[in-house]
Amino acid sequence: MRVLLLLLCGLALCACTSSPAPPRFFRPPHQIPAAAALTSRTLALSPTASGQQLGERIMWRRSDVEVGFYDQERWTQPPARFVDQALSDALFVAGGLRRVERAGLALSVELVAFEEVLLPNHLARVELRALLVDGEGAALLERSVAAARPVSEHEAEAMVRALGEALDAAIQELADAILAIAARG
């Protein structure tokens with residue numbers, strides 16, 4: 001009887017101390033635009049900046065004052081790198097600009113939001129702030145761009161897909177504005 005009691009206590013202790021499920025890693029899908037012909041216009045693109053909260057852990061927002069992070073859902077890389085890749089594709093691949101370290105045009109971008117919004121509607125939301133300056137440092141464009149897409153299901157995969165769509169929409173809006181300025185010469 002004593003052995004059975006010790007065995008049951010040991011099993012209960014093992015059940016209480018079992019390790020949590022391993023983290024799941026996600027990467028939002030991104031549509032790569034079609035390539036354009038190269039132009040003579042050049043652009044220096046700084047790496048995207050972001051707050052510390054936009055790191056590996058996936059962020060959720062319940063209201064304008066409450067945010068949190070999922071314990072097991074993680075990004076494969078910091079979200080600012082997803083922005084860098086999408087901007088490069090939109091400006092250099094599709095937009096035809098040439099990348100340089102120093103140029104007449106220089107773009108800096110800050111990632112403000114890359115999150116799942118839970119209430120009042122279930123959305124995936126991306127917000128960027130951009131500053132485009134000329135060779136003398138004069139601002140040609142200073143803009144905030146935000147895009148949100150509905151999340152169809154309460155599954156991580158649906159939220160990540162919606163975030164990819166929101167990222168593509170925000171990048172396209174920003175790229176269109178930058179390319180219009182670059183086209184003016």
# chains A, B, ... in the order shown; residues from 1 in each chain; ligands from 1
$ select_by_dssp --residues "region 83-161 of chain A" --states "helix (DSSP H, G or I)" --output "JSON, numbers by chain"
{"A": [83, 84, 85, 86, 87, 88, 89, 90, 91, 92, 93, 94, 156, 157, 158, 159, 160, 161]}
$ write_last_selection --atoms "C-alpha atoms" --output "JSON list (two decimals), in the first residue's frame"
[["chain", "number", "residue", "atom", "x", "y", "z"],
["A", 83, "VAL", "CA", 9.37, 45.42, -42.94],
["A", 84, "ASP", "CA", 12.91, 45.77, -44.33],
["A", 85, "GLN", "CA", 12.35, 42.90, -46.75],
["A", 86, "ALA", "CA", 8.94, 44.16, -47.88],
["A", 87, "LEU", "CA", 10.29, 47.70, -48.39],
["A", 88, "SER", "CA", 13.25, 46.40, -50.38],
["A", 89, "ASP", "CA", 10.95, 44.38, -52.61],
["A", 90, "ALA", "CA", 8.54, 47.29, -53.16],
["A", 91, "LEU", "CA", 11.15, 49.99, -53.76],
["A", 92, "PHE", "CA", 14.07, 48.21, -55.39],
["A", 93, "VAL", "CA", 12.55, 45.13, -57.08],
["A", 94, "ALA", "CA", 9.12, 46.47, -58.09],
["A", 156, "ALA", "CA", -2.44, 31.74, -34.96],
["A", 157, "GLU", "CA", -2.07, 30.91, -38.65],
["A", 158, "ALA", "CA", -5.07, 33.09, -39.60],
["A", 159, "MET", "CA", -3.70, 36.01, -37.59],
["A", 160, "VAL", "CA", -0.24, 35.67, -39.19],
["A", 161, "ARG", "CA", -1.76, 35.59, -42.69]]
$ closest_atom_pairs --of "region 4-112 of chain A" --to "region 122-143 of chain A" --cutoff "6 Å" --atoms "only C-alpha atoms" --output "Markdown table"
| residue | atom | partner | partner_atom | distance |
| --- | --- | --- | --- | --- |
| A:Gly104 | CA | A:Gly135 | CA | 4.0 |
| A:Leu105 | CA | A:Asp134 | CA | 4.6 |
| A:Ala106 | CA | A:Val133 | CA | 5.4 |
| A:Leu107 | CA | A:Leu132 | CA | 4.5 |
| A:Ser108 | CA | A:Leu131 | CA | 5.4 |
| A:Val109 | CA | A:Ala130 | CA | 4.4 |
| A:Glu110 | CA | A:Arg129 | CA | 5.1 |
| A:Leu111 | CA | A:Leu128 | CA | 4.8 |
| A:Val112 | CA | A:Glu127 | CA | 5.2 |
$ select_by_dssp --residues "region 41-140 of chain A" --states "strand (DSSP E or B)" --output "JSON, numbers by chain"
{"A": [42, 43, 44, 45, 49, 50, 57, 58, 59, 60, 61, 67, 68, 69, 70, 71, 72, 73, 74, 75, 98, 99, 106, 107, 108, 109, 110, 111, 112, 113, 114, 115, 116, 117, 123, 124, 125, 126, 127, 128, 129, 130, 131, 132, 133, 139, 140]}
$ closest_residue --among "A:Arg102, A:Ala113, A:Phe25, A:Arg74" --to "Gln53 (chain A)" --atoms "only C-alpha atoms"
A:Ala113
$ closest_residue --among "A:Leu119, A:Ala175, A:Ala162, A:Ala170" --to "Val145 (chain A)" --atoms "only C-alpha atoms"
A:Ala170
$ residues_around --residues "Thr76 (chain A)" --least-positions-apart "6" --cutoff "8 Å" --atoms "only C-alpha atoms" --output "PyMOL selection string"
chain A and resi 25-27+56
$ residues_around --residues "Asn121 (chain A)" --least-positions-apart "4" --cutoff "10 Å" --atoms "only C-alpha atoms" --output "PyMOL selection string"
chain A and resi 62+117+150-151
$ residues_around --residues "Tyr70 (chain A)" --least-positions-apart "5" --cutoff "9 Å" --atoms "only C-alpha atoms" --output "PDB file with all heavy atoms, in the first residue's frame"
ATOM      1  N   ARG A  57       8.521  37.792 -29.522  1.00  0.00           N
ATOM      2  CA  ARG A  57       7.203  37.333 -29.059  1.00  0.00           C
ATOM      3  C   ARG A  57       6.090  38.083 -29.778  1.00  0.00           C
ATOM      4  O   ARG A  57       6.152  39.288 -29.975  1.00  0.00           O
ATOM      5  CB  ARG A  57       7.085  37.504 -27.554  1.00  0.00           C
ATOM      6  CG  ARG A  57       8.043  36.559 -26.825  1.00  0.00           C
ATOM      7  CD  ARG A  57       8.054  36.754 -25.351  1.00  0.00           C
ATOM      8  NE  ARG A  57       6.760  36.474 -24.772  1.00  0.00           N
ATOM      9  CZ  ARG A  57       6.416  36.856 -23.545  1.00  0.00           C
ATOM     10  NH1 ARG A  57       7.265  37.524 -22.796  1.00  0.00           N
ATOM     11  NH2 ARG A  57       5.231  36.582 -23.067  1.00  0.00           N
ATOM     12  N   ILE A  58       5.040  37.367 -30.172  1.00  0.00           N
ATOM     13  CA  ILE A  58       3.909  37.960 -30.880  1.00  0.00           C
ATOM     14  C   ILE A  58       3.061  38.755 -29.894  1.00  0.00           C
ATOM     15  O   ILE A  58       2.707  38.270 -28.824  1.00  0.00           O
ATOM     16  CB  ILE A  58       3.092  36.884 -31.604  1.00  0.00           C
ATOM     17  CG1 ILE A  58       3.964  36.258 -32.705  1.00  0.00           C
ATOM     18  CG2 ILE A  58       1.805  37.472 -32.176  1.00  0.00           C
ATOM     19  CD1 ILE A  58       3.300  35.160 -33.488  1.00  0.00           C
ATOM     20  N   MET A  59       2.757  39.978 -30.286  1.00  0.00           N
ATOM     21  CA  MET A  59       2.056  40.923 -29.413  1.00  0.00           C
ATOM     22  C   MET A  59       0.563  40.968 -29.748  1.00  0.00           C
ATOM     23  O   MET A  59       0.177  40.909 -30.903  1.00  0.00           O
ATOM     24  CB  MET A  59       2.667  42.316 -29.633  1.00  0.00           C
ATOM     25  CG  MET A  59       2.132  43.378 -28.747  1.00  0.00           C
ATOM     26  SD  MET A  59       3.112  44.880 -29.078  1.00  0.00           S
ATOM     27  CE  MET A  59       2.110  46.058 -28.247  1.00  0.00           C
ATOM     28  N   TRP A  60      -0.253  41.076 -28.704  1.00  0.00           N
ATOM     29  CA  TRP A  60      -1.689  41.281 -28.878  1.00  0.00           C
ATOM     30  C   TRP A  60      -2.101  42.560 -28.160  1.00  0.00           C
ATOM     31  O   TRP A  60      -1.418  43.025 -27.262  1.00  0.00           O
ATOM     32  CB  TRP A  60      -2.506  40.090 -28.380  1.00  0.00           C
ATOM     33  CG  TRP A  60      -2.263  39.686 -26.953  1.00  0.00           C
ATOM     34  CD1 TRP A  60      -1.457  38.662 -26.537  1.00  0.00           C
ATOM     35  CD2 TRP A  60      -2.804  40.273 -25.759  1.00  0.00           C
ATOM     36  NE1 TRP A  60      -1.465  38.589 -25.167  1.00  0.00           N
ATOM     37  CE2 TRP A  60      -2.299  39.570 -24.657  1.00  0.00           C
ATOM     38  CE3 TRP A  60      -3.676  41.320 -25.521  1.00  0.00           C
ATOM     39  CZ2 TRP A  60      -2.624  39.878 -23.346  1.00  0.00           C
ATOM     40  CZ3 TRP A  60      -4.012  41.632 -24.204  1.00  0.00           C
ATOM     41  CH2 TRP A  60      -3.479  40.906 -23.134  1.00  0.00           C
TER      42      TRP A  60
END
$ atom_distance --atom1 "CA of Leu97 (chain A)" --atom2 "CA of Ser40 (chain A)"
7.3 Å
$ decode --residues "region 10-145 of chain A" --atoms "C-alpha atoms" --output "short mmCIF file (atom, residue, chain, number, x, y, z; two decimals), in the first residue's frame"
data_model
loop_
_atom_site.label_atom_id
_atom_site.label_comp_id
_atom_site.auth_asym_id
_atom_site.auth_seq_id
_atom_site.Cartn_x
_atom_site.Cartn_y
_atom_site.Cartn_z
CA GLY A 10 5.41 10.51 -7.88
CA LEU A 11 3.08 10.39 -10.88
CA ALA A 12 1.17 13.41 -9.61
CA LEU A 13 4.42 15.30 -9.12
CA CYS A 14 5.53 14.44 -12.68
CA ALA A 15 2.21 15.62 -14.09
CA CYS A 16 2.51 18.94 -12.25
CA THR A 17 6.05 19.61 -13.41
CA SER A 18 5.73 18.62 -17.06
CA SER A 19 7.30 21.09 -19.43
CA PRO A 20 5.10 23.37 -21.55
CA ALA A 21 4.68 22.82 -25.24
CA PRO A 22 7.62 24.07 -27.28
CA PRO A 23 7.29 27.51 -28.86
CA ARG A 24 5.75 27.81 -32.33
CA PHE A 25 7.48 30.11 -34.81
CA PHE A 26 5.71 32.13 -37.51
CA ARG A 27 6.61 34.25 -40.52
CA PRO A 28 3.93 36.38 -42.18
CA PRO A 29 3.45 35.68 -45.88
CA HIS A 30 4.58 38.44 -48.19
CA GLN A 31 3.67 39.02 -51.83
CA ILE A 32 6.79 39.89 -53.83
CA PRO A 33 5.86 42.46 -56.47
CA ALA A 34 6.79 42.09 -60.10
CA ALA A 35 10.16 43.55 -61.09
CA ALA A 36 10.37 46.93 -62.80
CA ALA A 37 13.02 48.41 -65.03
CA LEU A 38 15.87 50.11 -63.17
CA THR A 39 15.86 53.89 -63.09
CA SER A 40 18.64 56.34 -62.49
CA ARG A 41 17.08 57.37 -59.17
CA THR A 42 18.84 56.10 -56.08
CA LEU A 43 17.69 55.66 -52.52
CA ALA A 44 19.50 55.01 -49.27
CA LEU A 45 17.33 52.90 -46.98
CA SER A 46 18.14 52.75 -43.27
CA PRO A 47 17.25 49.60 -41.32
CA THR A 48 13.75 49.82 -39.88
CA ALA A 49 13.64 50.95 -36.27
CA SER A 50 11.13 49.62 -33.74
CA GLY A 51 10.43 49.63 -30.05
CA GLN A 52 11.71 46.84 -27.82
CA GLN A 53 8.20 45.46 -27.46
CA LEU A 54 8.23 44.44 -31.14
CA GLY A 55 10.64 41.57 -30.75
CA GLU A 56 10.42 37.82 -31.05
CA ARG A 57 7.20 37.33 -29.06
CA ILE A 58 3.91 37.96 -30.88
CA MET A 59 2.06 40.92 -29.41
CA TRP A 60 -1.69 41.28 -28.88
CA ARG A 61 -3.76 44.36 -28.00
CA ARG A 62 -7.06 44.19 -26.16
CA SER A 63 -7.63 47.96 -25.98
CA ASP A 64 -5.74 51.19 -26.47
CA VAL A 65 -4.17 50.73 -23.02
CA GLU A 66 -3.77 46.95 -22.63
CA VAL A 67 -1.22 44.88 -24.54
CA GLY A 68 0.36 41.51 -23.94
CA PHE A 69 2.44 38.78 -25.50
CA TYR A 70 1.73 35.16 -26.31
CA ASP A 71 3.86 32.68 -24.39
CA GLN A 72 4.36 30.11 -27.12
CA GLU A 73 3.86 32.03 -30.41
CA ARG A 74 7.01 33.72 -31.73
CA TRP A 75 8.25 35.40 -34.90
CA THR A 76 11.09 33.77 -36.82
CA GLN A 77 12.86 37.16 -36.73
CA PRO A 78 12.08 40.61 -35.34
CA PRO A 79 9.12 42.19 -37.23
CA ALA A 80 11.31 45.15 -38.29
CA ARG A 81 13.19 42.70 -40.56
CA PHE A 82 9.91 41.70 -42.24
CA VAL A 83 9.37 45.42 -42.94
CA ASP A 84 12.91 45.77 -44.33
CA GLN A 85 12.35 42.90 -46.75
CA ALA A 86 8.94 44.16 -47.88
CA LEU A 87 10.29 47.70 -48.39
CA SER A 88 13.25 46.40 -50.38
CA ASP A 89 10.95 44.38 -52.61
CA ALA A 90 8.54 47.29 -53.16
CA LEU A 91 11.15 49.99 -53.76
CA PHE A 92 14.07 48.21 -55.39
CA VAL A 93 12.55 45.13 -57.08
CA ALA A 94 9.12 46.47 -58.09
CA GLY A 95 9.87 50.19 -57.94
CA GLY A 96 13.06 50.07 -59.94
CA LEU A 97 15.05 52.33 -57.61
CA ARG A 98 18.74 51.59 -57.14
CA ARG A 99 19.99 50.99 -53.59
CA VAL A 100 22.99 53.02 -52.42
CA GLU A 101 24.58 53.75 -49.07
CA ARG A 102 24.38 57.51 -49.55
CA ALA A 103 22.14 59.22 -52.02
CA GLY A 104 20.10 62.29 -52.74
CA LEU A 105 17.08 60.51 -51.26
CA ALA A 106 17.27 58.79 -47.89
CA LEU A 107 14.44 56.91 -46.19
CA SER A 108 14.10 56.01 -42.54
CA VAL A 109 11.15 53.99 -41.27
CA GLU A 110 9.92 53.17 -37.78
CA LEU A 111 7.68 50.18 -37.12
CA VAL A 112 5.09 51.44 -34.63
CA ALA A 113 2.66 48.50 -34.53
CA PHE A 114 2.79 44.88 -35.64
CA GLU A 115 0.06 43.28 -33.58
CA GLU A 116 -3.12 41.32 -33.23
CA VAL A 117 -6.04 43.50 -32.09
CA LEU A 118 -8.60 41.48 -30.13
CA LEU A 119 -11.36 44.03 -29.42
CA PRO A 120 -13.71 45.49 -30.52
CA ASN A 121 -12.99 43.67 -33.81
CA HIS A 122 -10.46 40.90 -34.34
CA LEU A 123 -7.81 42.47 -36.61
CA ALA A 124 -4.17 42.27 -37.60
CA ARG A 125 -2.65 45.77 -37.60
CA VAL A 126 0.59 47.29 -38.93
CA GLU A 127 1.63 50.92 -38.52
CA LEU A 128 4.73 52.59 -39.97
CA ARG A 129 6.19 56.09 -39.71
CA ALA A 130 8.39 57.22 -42.56
CA LEU A 131 10.69 60.14 -43.24
CA LEU A 132 12.09 60.72 -46.73
CA VAL A 133 14.72 63.45 -47.03
CA ASP A 134 16.67 64.90 -49.93
CA GLY A 135 20.45 65.34 -50.14
CA GLU A 136 20.32 68.51 -48.04
CA GLY A 137 18.21 66.91 -45.30
CA ALA A 138 14.94 68.62 -46.24
CA ALA A 139 11.88 66.47 -45.57
CA LEU A 140 10.10 65.44 -48.76
CA LEU A 141 7.71 63.06 -47.07
CA GLU A 142 6.79 62.59 -43.43
CA ARG A 143 3.93 60.17 -43.07
CA SER A 144 2.31 57.57 -40.87
CA VAL A 145 0.75 54.64 -42.68
#
